[in-house]
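Below is my_file_19.cif, holding mmCIF, C-alpha atoms and all ligand atoms.
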data_protein
#
loop_
_atom_site.label_atom_id
_atom_site.label_comp_id
_atom_site.auth_asym_id
_atom_site.auth_seq_id
_atom_site.Cartn_x
_atom_site.Cartn_y
_atom_site.Cartn_z
CA MET A 1 0.00 0.00 0.00
CA ALA A 2 1.37 3.41 -0.96
CA LYS A 3 2.26 5.68 1.94
CA SER A 4 -0.16 8.44 0.84
CA GLU A 5 -2.97 5.88 0.54
CA ALA A 6 -2.20 4.58 4.02
CA LEU A 7 -2.40 8.13 5.39
CA TYR A 8 -5.68 8.73 3.57
CA ARG A 9 -7.25 5.63 5.00
CA ARG A 10 -6.40 6.76 8.47
CA GLY A 11 -8.78 9.69 7.88
CA PHE A 12 -8.56 13.35 7.04
CA GLY A 13 -6.58 15.28 9.63
CA LYS A 14 -5.31 12.16 11.40
CA THR A 15 -1.66 12.04 12.35
CA SER A 16 0.83 10.50 14.73
CA ARG A 17 2.29 13.93 15.46
CA LYS A 18 2.04 14.95 19.10
CA ASP A 19 2.88 18.65 18.66
CA ALA A 20 0.40 21.47 18.00
CA TRP A 21 0.96 21.21 14.23
CA TRP A 22 -2.24 23.14 13.50
CA LEU A 23 -1.08 26.27 15.34
CA GLN A 24 1.16 27.49 12.52
CA GLN A 25 -1.65 26.99 10.00
CA LEU A 26 -4.08 28.88 12.22
CA LEU A 27 -1.69 31.83 12.59
CA THR A 28 -1.03 31.83 8.84
CA PHE A 29 -4.77 31.88 8.17
CA LEU A 30 -5.39 34.74 10.62
CA VAL A 31 -2.48 36.93 9.49
CA LEU A 32 -3.11 36.47 5.76
CA THR A 33 -6.84 37.11 6.24
CA LEU A 34 -6.07 40.28 8.20
CA PHE A 35 -3.71 41.46 5.47
CA ILE A 36 -6.15 40.71 2.62
CA VAL A 37 -9.01 42.50 4.40
CA TYR A 38 -6.88 45.52 5.31
CA ALA A 39 -5.23 45.83 1.86
CA THR A 40 -8.59 45.54 0.07
CA TRP A 41 -10.15 48.16 2.34
CA ALA A 42 -7.18 50.51 1.93
CA ALA A 43 -7.11 50.08 -1.86
CA PHE A 44 -10.77 51.09 -2.21
CA GLN A 45 -10.43 54.20 -0.02
CA ASN A 46 -8.86 56.42 -2.71
CA ALA A 47 -8.12 58.90 0.10
CA HIS A 48 -5.54 59.58 2.82
CA TYR A 49 -2.81 57.71 0.98
CA HIS A 50 -0.29 60.56 0.91
CA TRP A 51 0.99 63.30 3.14
CA GLY A 52 3.76 65.78 2.26
CA PRO A 53 6.57 63.74 0.67
CA TYR A 54 5.06 60.45 1.85
CA LEU A 55 3.14 58.10 -0.43
CA SER A 56 1.59 54.83 0.75
CA PRO A 57 3.27 51.80 -0.88
CA PHE A 58 -0.20 50.43 -1.69
CA TYR A 59 -0.63 53.40 -4.04
CA SER A 60 2.81 53.45 -5.62
CA PRO A 61 3.39 53.94 -8.47
CA GLU A 62 0.45 56.33 -8.61
CA ILE A 63 -0.23 56.39 -12.34
CA TRP A 64 -3.33 58.60 -12.17
CA GLY A 65 -4.63 60.16 -9.02
CA SER A 66 -5.31 63.28 -7.05
CA SER A 67 -2.01 63.54 -5.15
CA PRO A 68 1.11 65.48 -6.25
CA HIS A 69 2.82 62.08 -6.66
CA ALA A 70 0.63 61.09 -9.64
CA TRP A 71 2.70 60.46 -12.77
CA PHE A 72 0.08 61.54 -15.31
CA GLY A 73 -2.21 63.76 -13.26
CA PRO A 74 -5.81 63.14 -12.22
CA LYS A 75 -8.04 60.27 -13.26
CA PRO A 76 -8.55 60.47 -17.05
CA GLY A 77 -12.02 61.09 -18.43
CA TRP A 78 -12.13 57.86 -20.46
CA ILE A 79 -12.34 55.74 -17.30
CA PRO A 80 -16.10 55.11 -16.84
CA THR A 81 -17.58 56.84 -13.79
CA TRP A 82 -19.47 53.69 -12.78
CA LEU A 83 -16.16 51.83 -12.37
CA PRO A 84 -14.76 52.08 -8.83
CA PHE A 85 -11.54 54.04 -9.19
CA SER A 86 -8.48 54.18 -6.99
CA PRO A 87 -4.81 54.47 -8.00
CA ALA A 88 -4.15 51.40 -5.84
CA LEU A 89 -6.59 49.22 -7.81
CA LEU A 90 -4.60 49.92 -11.00
CA ILE A 91 -1.34 48.55 -9.64
CA LEU A 92 -2.09 46.18 -6.75
CA PRO A 93 -2.66 43.12 -9.00
CA PHE A 94 1.11 43.02 -9.57
CA PRO A 95 2.39 42.89 -5.96
CA ALA A 96 -0.64 40.78 -5.01
CA GLY A 97 0.12 38.33 -7.82
CA PHE A 98 3.77 38.23 -6.78
CA ARG A 99 2.84 37.22 -3.23
CA PHE A 100 0.00 34.90 -4.25
CA THR A 101 2.29 32.87 -6.53
CA CYS A 102 5.33 32.98 -4.21
CA TYR A 103 6.72 29.49 -3.61
CA TYR A 104 6.81 30.02 0.15
CA TYR A 105 3.29 31.45 0.46
CA ARG A 106 1.90 28.67 -1.71
CA GLY A 107 3.13 26.08 0.77
CA ALA A 108 1.72 28.14 3.62
CA TYR A 109 -1.74 28.98 2.30
CA TYR A 110 -2.39 25.58 0.71
CA LYS A 111 -2.18 24.23 4.25
CA ALA A 112 -3.87 27.13 6.04
CA PHE A 113 -6.76 27.88 3.68
CA TRP A 114 -7.73 24.56 2.16
CA ALA A 115 -5.92 22.02 4.32
CA ASP A 116 -4.21 20.36 1.40
CA PRO A 117 -2.34 18.97 3.20
CA PRO A 118 -3.41 20.13 6.67
CA GLY A 119 0.23 19.76 7.77
CA CYS A 120 3.35 17.69 7.23
CA ALA A 121 2.59 14.01 7.96
CA VAL A 122 -1.11 14.81 8.49
CA SER A 123 -3.70 12.97 6.37
CA GLU A 124 -5.00 14.81 3.35
CA PRO A 125 -8.60 15.35 2.28
CA ARG A 126 -8.15 13.40 -0.98
CA LYS A 127 -6.48 10.31 -2.40
CA GLY A 128 -4.34 11.56 -5.26
CA PHE A 129 -1.93 14.43 -5.60
CA THR A 130 -1.89 16.17 -8.94
CA GLY A 131 0.44 18.94 -7.79
CA GLU A 132 0.80 22.07 -9.83
CA HIS A 133 1.19 20.30 -13.16
CA GLY A 134 -2.48 20.69 -14.03
CA TRP A 135 -5.03 23.46 -14.08
CA PRO A 136 -5.92 25.58 -12.20
CA LEU A 137 -2.68 25.51 -10.17
CA LEU A 138 -0.59 25.46 -13.32
CA ILE A 139 -1.12 29.23 -13.34
CA GLN A 140 1.33 29.46 -10.42
CA ASN A 141 4.14 29.15 -12.97
CA ILE A 142 3.47 32.77 -13.82
CA HIS A 143 5.49 33.70 -10.72
CA ARG A 144 8.68 34.51 -12.64
CA TYR A 145 6.78 37.17 -14.64
CA PHE A 146 5.44 38.74 -11.46
CA LEU A 147 9.06 38.81 -10.30
CA TYR A 148 10.01 41.02 -13.25
CA ALA A 149 7.20 43.42 -12.31
CA ALA A 150 8.25 43.32 -8.64
CA LEU A 151 11.80 44.32 -9.55
CA LEU A 152 10.44 47.36 -11.45
CA PHE A 153 8.21 48.23 -8.49
CA LEU A 154 11.27 48.15 -6.23
CA VAL A 155 12.90 50.89 -8.30
CA VAL A 156 9.79 53.06 -7.85
CA LEU A 157 9.57 52.33 -4.14
CA TRP A 158 13.20 53.28 -3.62
CA ALA A 159 12.53 56.57 -5.42
CA ASP A 160 9.57 57.10 -3.03
CA ALA A 161 11.75 56.28 -0.03
CA ILE A 162 14.35 58.84 -1.08
CA LYS A 163 11.66 61.46 -1.80
CA ALA A 164 10.33 60.90 1.73
CA PHE A 165 13.46 62.66 3.02
CA TRP A 166 12.72 65.89 1.13
CA PHE A 167 10.34 68.36 2.74
CA ASP A 168 9.56 71.43 0.59
CA GLY A 169 12.88 71.12 -1.23
CA HIS A 170 14.96 70.59 1.94
CA PHE A 171 16.47 67.47 3.39
CA GLY A 172 14.70 66.29 6.51
CA ILE A 173 13.96 63.16 8.46
CA GLY A 174 10.51 62.39 9.74
CA LEU A 175 9.36 59.19 11.39
CA GLY A 176 7.46 58.56 8.15
CA SER A 177 10.73 58.81 6.16
CA LEU A 178 12.14 56.00 8.30
CA VAL A 179 8.95 53.94 8.10
CA LEU A 180 8.96 54.13 4.28
CA LEU A 181 12.70 53.40 4.16
CA LEU A 182 12.23 50.35 6.39
CA ASN A 183 9.33 49.13 4.27
CA THR A 184 11.31 49.42 1.03
CA THR A 185 14.30 47.68 2.60
CA LEU A 186 12.14 44.77 3.78
CA LEU A 187 10.43 44.51 0.39
CA SER A 188 13.86 44.48 -1.26
CA PHE A 189 15.01 41.61 0.96
CA TYR A 190 11.81 39.72 0.18
CA THR A 191 12.10 40.26 -3.58
CA LEU A 192 15.85 39.63 -3.80
CA SER A 193 15.53 36.38 -1.85
CA CYS A 194 12.95 35.01 -4.34
CA HIS A 195 13.49 31.42 -5.51
CA SER A 196 12.80 32.41 -9.12
CA LEU A 197 15.43 35.14 -8.98
CA ARG A 198 17.95 32.67 -7.58
CA HIS A 199 17.20 30.33 -10.46
CA LEU A 200 17.39 33.18 -12.95
CA ILE A 201 20.80 34.31 -11.72
CA GLY A 202 22.57 31.00 -11.46
CA GLY A 203 20.36 28.11 -10.50
CA ARG A 204 19.80 27.05 -14.10
CA LYS A 205 23.56 26.88 -14.85
CA ASP A 206 25.68 23.77 -14.33
CA CYS A 207 28.91 25.57 -13.49
CA LEU A 208 29.42 29.03 -12.00
CA SER A 209 33.01 28.87 -10.76
CA SER A 210 34.38 30.50 -13.93
CA LYS A 211 31.90 33.39 -13.79
CA LYS A 212 33.00 35.47 -10.82
CA VAL A 213 30.28 38.17 -10.95
CA THR A 214 27.47 35.67 -11.49
CA LEU A 215 28.82 33.52 -8.68
CA ALA A 216 28.96 36.52 -6.32
CA CYS A 217 25.37 37.50 -7.17
CA TYR A 218 24.21 33.88 -6.86
CA SER A 219 25.88 33.51 -3.46
CA CYS A 220 24.29 36.75 -2.29
CA VAL A 221 20.78 35.77 -3.43
CA SER A 222 21.29 32.25 -2.01
CA GLY A 223 22.21 33.74 1.37
CA LEU A 224 19.04 35.85 1.38
CA ASN A 225 17.01 32.93 0.04
CA LYS A 226 17.64 30.93 3.23
CA ARG A 227 15.55 33.54 5.06
CA HIS A 228 12.88 33.98 2.41
CA MET A 229 10.11 32.88 4.76
CA ASN A 230 11.15 35.46 7.37
CA PHE A 231 11.32 38.22 4.76
CA ALA A 232 7.91 37.18 3.43
CA TRP A 233 6.31 37.78 6.84
CA VAL A 234 8.16 40.89 8.01
CA SER A 235 7.69 42.62 4.66
CA LEU A 236 3.97 41.83 4.84
CA PHE A 237 3.72 43.63 8.17
CA GLY A 238 6.07 46.37 6.92
CA VAL A 239 3.92 47.32 3.96
CA MET A 240 0.76 47.31 6.08
CA LEU A 241 2.44 49.46 8.73
CA ALA A 242 3.71 51.91 6.10
CA ASP A 243 0.22 52.40 4.66
CA LEU A 244 -1.26 52.73 8.13
CA TYR A 245 1.33 55.32 9.15
CA VAL A 246 0.79 57.52 6.08
CA ARG A 247 -2.98 57.12 6.46
CA MET A 248 -3.04 58.12 10.13
CA VAL A 249 -0.81 61.15 9.51
CA SER A 250 -2.89 62.19 6.50
CA MET A 251 -6.10 61.91 8.54
CA GLY A 252 -4.59 64.02 11.31
CA ILE A 253 -4.87 61.20 13.84
CA TRP A 254 -1.08 60.96 14.23
CA THR A 255 1.44 63.78 13.91
CA ASP A 256 4.57 63.04 11.94
CA TRP A 257 7.54 63.20 14.29
CA ARG A 258 10.29 65.30 12.66
CA LEU A 259 13.80 64.35 13.76
CA ILE A 260 15.55 66.86 11.47
FE1 LIG A 301 8.66 33.90 -2.83
FE2 LIG A 301 9.54 34.36 -5.36
S1 LIG A 301 9.49 32.55 -4.25
S2 LIG A 301 8.75 35.77 -3.91
#

C-alpha cells encoding of this file:
Amino acid sequence: MAKSEALYRRGFGKTSRKDAWWLQQLLTFLVLTLFIVYATWAAFQNAHYHWGPYLSPFYSPEIWGSSPHAWFGPKPGWIPTWLPFSPALLILPFPAGFRFTCYYYRGAYYKAFWADPPGCAVSEPRKGFTGEHGWPLLIQNIHRYFLYAALLFLVVLWADAIKAFWFDGHFGIGLGSLVLLLNTTLLSFYTLSCHSLRHLIGGRKDCLSSKKVTLACYSCVSGLNKRHMNFAWVSLFGVMLADLYVRMVSMGIWTDWRLI
C-alpha cells in the first residue's frame, strides 16, 4: 500500500504527530486574512494615501490620481464613472500576484486555507496528488513574470523612499521617512531572496566557478534565500504598517515626528 494511501485511510486530519501542528496553520490563516481585508479596504479608499513627501506603498506607483505624486495627473475622463476608481486598484494586482504565486506562500496557504495537506505528515482530504502540473494551479508558474514586475516596483519604491526625506525642497527626516525606508528595505530583501530570482541568476547553470560576478550574485541571493520565509512575513507587516502610518498622519490622527 502506498504511503499516501495509508495516510488517507487513516482519515482526514489524522496524524501521529504529538505537537500542535495546527497552530502554525491557524496563525497563517489569521495573518493572511487580516492582510487581505486591510489591503482591500485601503485600496478602495482612494483617500488619505499621501501626506507631504510620503506616499503609501499600496498606491505606488500612482499612475493617475489626485495627489502630487501622480505620474500623469488626475483620473482620465475615459475611465467610466461607474467603475470604482483608486490608484491602488490599478497597480495592486502586480504585488498581489507576486505574493500569491510565491513558492513560500503557496506552501503556507495551501495548508492554512484549504488544508491540502493540513500539515506535514497529516492525512490529506483526498487520495491523489496532482500537484501544480495541471489546471488551475498550473497558473502558479506565472510567478517569474510577477518577479520582473516586482523588480520594477522596487525601483519606484526606492525613489519614493528617497523622496520621503525631502520636505519642501529641503532634506529632513521624519518618522514617516524612516517607516517608508524600512518598508522598502524589507520589500527588497523579500524580492531579492525570491526562488525564481535565484534560479534566474545562477540556478539554471551547471557551473558558476568560472563566472565570478554571477557567482557573487548567486551567493548573495542564495544567502538571502535561506531567510525567504522570514522576509515574506516581516515585509507583509512592513507594507501594512507603512500604509497605516501615512494614512493616520494624513487623517490628522497621528502627527509626523520630525527628527531633522
Ligand atoms: Fe517567494 Fe519568489 S518565491 S517571492

Open item on the list: Can you pull out the residues contacting Tyr104 of chain A? Cut-off 8 Å, using only C-alpha atoms, and skip same-chain residues under 6 positions away; I want them as a PyMOL selection string.
Closed with: chain A and resi 228-229+232

Could you write out as AutoDock Vina command-line options the box around ligand LIG 301 (chain A) (axis-aligned, all atoms listed in the file, 4 Å on each side), with centre and edge lengths in Å to one decimal?
--center_x 9.1 --center_y 34.2 --center_z -4.1 --size_x 8.9 --size_y 11.2 --size_z 10.5

TODO: Using atom CA of Asp116 of chain A and atom CA of Leu137 of chain A as the two end points, give the distance in Å to one decimal.
DONE: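 Separation of atom CA of Asp116 of chain A and atom CA of Leu137 of chain A: 12.8 Å.
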
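Residues lying within 12 Å of Cys120 of chain A, counting only C-alpha atoms and ignoring same-chain neighbours fewer than 5 positions away, are Ser4, Leu7, Gly13, Lys14, Thr15, Ser16, Arg17, Asp19, Ala20, Trp21, Trp22, Gln24, Gln25, Gly107, Ala108, Tyr110, Lys111, Ala112 and Ala115 of chain A.
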
Now that the selection is made, can you save its residues with C-alpha atoms as a PDB file, in the coordinates of the input?
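selection31.pdb, written as the output of this step:
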ATOM      1  CA  SER A   4      -0.160   8.440   0.840  1.00  0.00           C
ATOM      2  CA  LEU A   7      -2.400   8.130   5.390  1.00  0.00           C
ATOM      3  CA  GLY A  13      -6.580  15.280   9.630  1.00  0.00           C
ATOM      4  CA  LYS A  14      -5.310  12.160  11.400  1.00  0.00           C
ATOM      5  CA  THR A  15      -1.660  12.040  12.350  1.00  0.00           C
ATOM      6  CA  SER A  16       0.830  10.500  14.730  1.00  0.00           C
ATOM      7  CA  ARG A  17       2.290  13.930  15.460  1.00  0.00           C
ATOM      8  CA  ASP A  19       2.880  18.650  18.660  1.00  0.00           C
ATOM      9  CA  ALA A  20       0.400  21.470  18.000  1.00  0.00           C
ATOM     10  CA  TRP A  21       0.960  21.210  14.230  1.00  0.00           C
ATOM     11  CA  TRP A  22      -2.240  23.140  13.500  1.00  0.00           C
ATOM     12  CA  GLN A  24       1.160  27.490  12.520  1.00  0.00           C
ATOM     13  CA  GLN A  25      -1.650  26.990  10.000  1.00  0.00           C
ATOM     14  CA  GLY A 107       3.130  26.080   0.770  1.00  0.00           C
ATOM     15  CA  ALA A 108       1.720  28.140   3.620  1.00  0.00           C
ATOM     16  CA  TYR A 110      -2.390  25.580   0.710  1.00  0.00           C
ATOM     17  CA  LYS A 111      -2.180  24.230   4.250  1.00  0.00           C
ATOM     18  CA  ALA A 112      -3.870  27.130   6.040  1.00  0.00           C
ATOM     19  CA  ALA A 115      -5.920  22.020   4.320  1.00  0.00           C
TER      20      ALA A 115
END

Per residue of chain A within 10 Å of ligand LIG 301 (chain A), record the nearest atom pair and its distance in Å to one decimal, counting only C-alpha atoms and all ligand atoms, with rows in chain order and ascending residue number, as a tab-separated table.
residue	atom	partner	partner_atom	distance
A:Pro95	CA	A:LIG301	S2	9.8
A:Gly97	CA	A:LIG301	S2	9.8
A:Phe98	CA	A:LIG301	S2	6.3
A:Arg99	CA	A:LIG301	S2	6.1
A:Phe100	CA	A:LIG301	S2	8.8
A:Thr101	CA	A:LIG301	FE1	7.4
A:Cys102	CA	A:LIG301	FE1	3.7
A:Tyr103	CA	A:LIG301	S1	4.2
A:Tyr104	CA	A:LIG301	FE1	5.2
A:Tyr105	CA	A:LIG301	FE1	6.8
A:Arg106	CA	A:LIG301	FE1	8.6
A:His143	CA	A:LIG301	FE2	6.8
A:Arg144	CA	A:LIG301	FE2	7.3
A:Phe146	CA	A:LIG301	FE2	8.6
A:Leu147	CA	A:LIG301	FE2	6.7
A:Ala150	CA	A:LIG301	S2	8.9
A:Leu187	CA	A:LIG301	S2	9.9
A:Phe189	CA	A:LIG301	S2	9.8
A:Tyr190	CA	A:LIG301	S2	6.5
A:Thr191	CA	A:LIG301	S2	5.6
A:Leu192	CA	A:LIG301	S2	8.1
A:Ser193	CA	A:LIG301	S2	7.1
A:Cys194	CA	A:LIG301	FE2	3.6
A:His195	CA	A:LIG301	S1	4.3
A:Ser196	CA	A:LIG301	FE2	5.3
A:Leu197	CA	A:LIG301	FE2	7.0
A:Arg198	CA	A:LIG301	FE2	8.9
A:Asn225	CA	A:LIG301	S1	8.7
A:His228	CA	A:LIG301	FE1	6.7
A:Met229	CA	A:LIG301	FE1	7.8
A:Phe231	CA	A:LIG301	FE1	9.1
A:Ala232	CA	A:LIG301	FE1	7.1

Got time to write the residues from that selection, C-alpha atoms, as a PDB file, in the frame of the given file?
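As written to disk, again_28.pdb reads:
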ATOM      1  CA  PRO A  95       2.390  42.890  -5.960  1.00  0.00           C
ATOM      2  CA  GLY A  97       0.120  38.330  -7.820  1.00  0.00           C
ATOM      3  CA  PHE A  98       3.770  38.230  -6.780  1.00  0.00           C
ATOM      4  CA  ARG A  99       2.840  37.220  -3.230  1.00  0.00           C
ATOM      5  CA  PHE A 100       0.000  34.900  -4.250  1.00  0.00           C
ATOM      6  CA  THR A 101       2.290  32.870  -6.530  1.00  0.00           C
ATOM      7  CA  CYS A 102       5.330  32.980  -4.210  1.00  0.00           C
ATOM      8  CA  TYR A 103       6.720  29.490  -3.610  1.00  0.00           C
ATOM      9  CA  TYR A 104       6.810  30.020   0.150  1.00  0.00           C
ATOM     10  CA  TYR A 105       3.290  31.450   0.460  1.00  0.00           C
ATOM     11  CA  ARG A 106       1.900  28.670  -1.710  1.00  0.00           C
ATOM     12  CA  HIS A 143       5.490  33.700 -10.720  1.00  0.00           C
ATOM     13  CA  ARG A 144       8.680  34.510 -12.640  1.00  0.00           C
ATOM     14  CA  PHE A 146       5.440  38.740 -11.460  1.00  0.00           C
ATOM     15  CA  LEU A 147       9.060  38.810 -10.300  1.00  0.00           C
ATOM     16  CA  ALA A 150       8.250  43.320  -8.640  1.00  0.00           C
ATOM     17  CA  LEU A 187      10.430  44.510   0.390  1.00  0.00           C
ATOM     18  CA  PHE A 189      15.010  41.610   0.960  1.00  0.00           C
ATOM     19  CA  TYR A 190      11.810  39.720   0.180  1.00  0.00           C
ATOM     20  CA  THR A 191      12.100  40.260  -3.580  1.00  0.00           C
ATOM     21  CA  LEU A 192      15.850  39.630  -3.800  1.00  0.00           C
ATOM     22  CA  SER A 193      15.530  36.380  -1.850  1.00  0.00           C
ATOM     23  CA  CYS A 194      12.950  35.010  -4.340  1.00  0.00           C
ATOM     24  CA  HIS A 195      13.490  31.420  -5.510  1.00  0.00           C
ATOM     25  CA  SER A 196      12.800  32.410  -9.120  1.00  0.00           C
ATOM     26  CA  LEU A 197      15.430  35.140  -8.980  1.00  0.00           C
ATOM     27  CA  ARG A 198      17.950  32.670  -7.580  1.00  0.00           C
ATOM     28  CA  ASN A 225      17.010  32.930   0.040  1.00  0.00           C
ATOM     29  CA  HIS A 228      12.880  33.980   2.410  1.00  0.00           C
ATOM     30  CA  MET A 229      10.110  32.880   4.760  1.00  0.00           C
ATOM     31  CA  PHE A 231      11.320  38.220   4.760  1.00  0.00           C
ATOM     32  CA  ALA A 232       7.910  37.180   3.430  1.00  0.00           C
TER      33      ALA A 232
END

For segment 169-240 of chain A against segment 35-40 of chain A, with a cut-off of 10 Å and counting all atoms listed in the file, what is the closest atom pair and its distance in Å to one decimal for every residue that makes the cut, ordered by chain and number, as JSON lines?
{"residue": "A:Leu236", "atom": "CA", "partner": "A:Phe35", "partner_atom": "CA", "distance": 7.7}
{"residue": "A:Phe237", "atom": "CA", "partner": "A:Phe35", "partner_atom": "CA", "distance": 8.2}
{"residue": "A:Val239", "atom": "CA", "partner": "A:Ala39", "partner_atom": "CA", "distance": 9.5}
{"residue": "A:Met240", "atom": "CA", "partner": "A:Phe35", "partner_atom": "CA", "distance": 7.4}

Could the residues in this selection be saved with C-alpha atoms as a short mmCIF file (atom, residue, chain, number, x, y, z; two decimals), in the coordinates of the input?
data_model
loop_
_atom_site.label_atom_id
_atom_site.label_comp_id
_atom_site.auth_asym_id
_atom_site.auth_seq_id
_atom_site.Cartn_x
_atom_site.Cartn_y
_atom_site.Cartn_z
CA LEU A 236 3.97 41.83 4.84
CA PHE A 237 3.72 43.63 8.17
CA VAL A 239 3.92 47.32 3.96
CA MET A 240 0.76 47.31 6.08
#

TODO: Tell me, in Å to one decimal, how far atom CA of Val179 of chain A is from atom CA of Ala242 of chain A.
DONE: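 For atom CA of Val179 of chain A relative to atom CA of Ala242 of chain A, the distance reads 6.0 Å.
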
TODO: Just give me the gap between atom CA of Leu224 of chain A and atom CA of Gly176 of chain A in Å, one decimal is fine.
DONE: 26.4 Å

Task: All residues 8 Å or closer to segment 76-82 of chain A, all atoms listed in the file, same chain fewer than 2 positions away omitted, as a ChimeraX atom specification - done: /A:64,74,84

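Across A:Phe165, A:Tyr218, A:Phe12, A:Trp233, the tightest approach to Leu55 of chain A is made by A:Phe165 when counting all atoms listed in the file.
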
Open item on the list: Around the point (-5.0, 57.0, -11.1) (coordinates from the file), which residues reach within 10 Å if we count only C-alpha atoms? Answer as JSON, numbers by chain.
Closed with: {"A": [46, 59, 61, 62, 63, 64, 65, 66, 67, 70, 71, 72, 73, 74, 75, 76, 79, 85, 86, 87, 88, 89, 90, 91]}
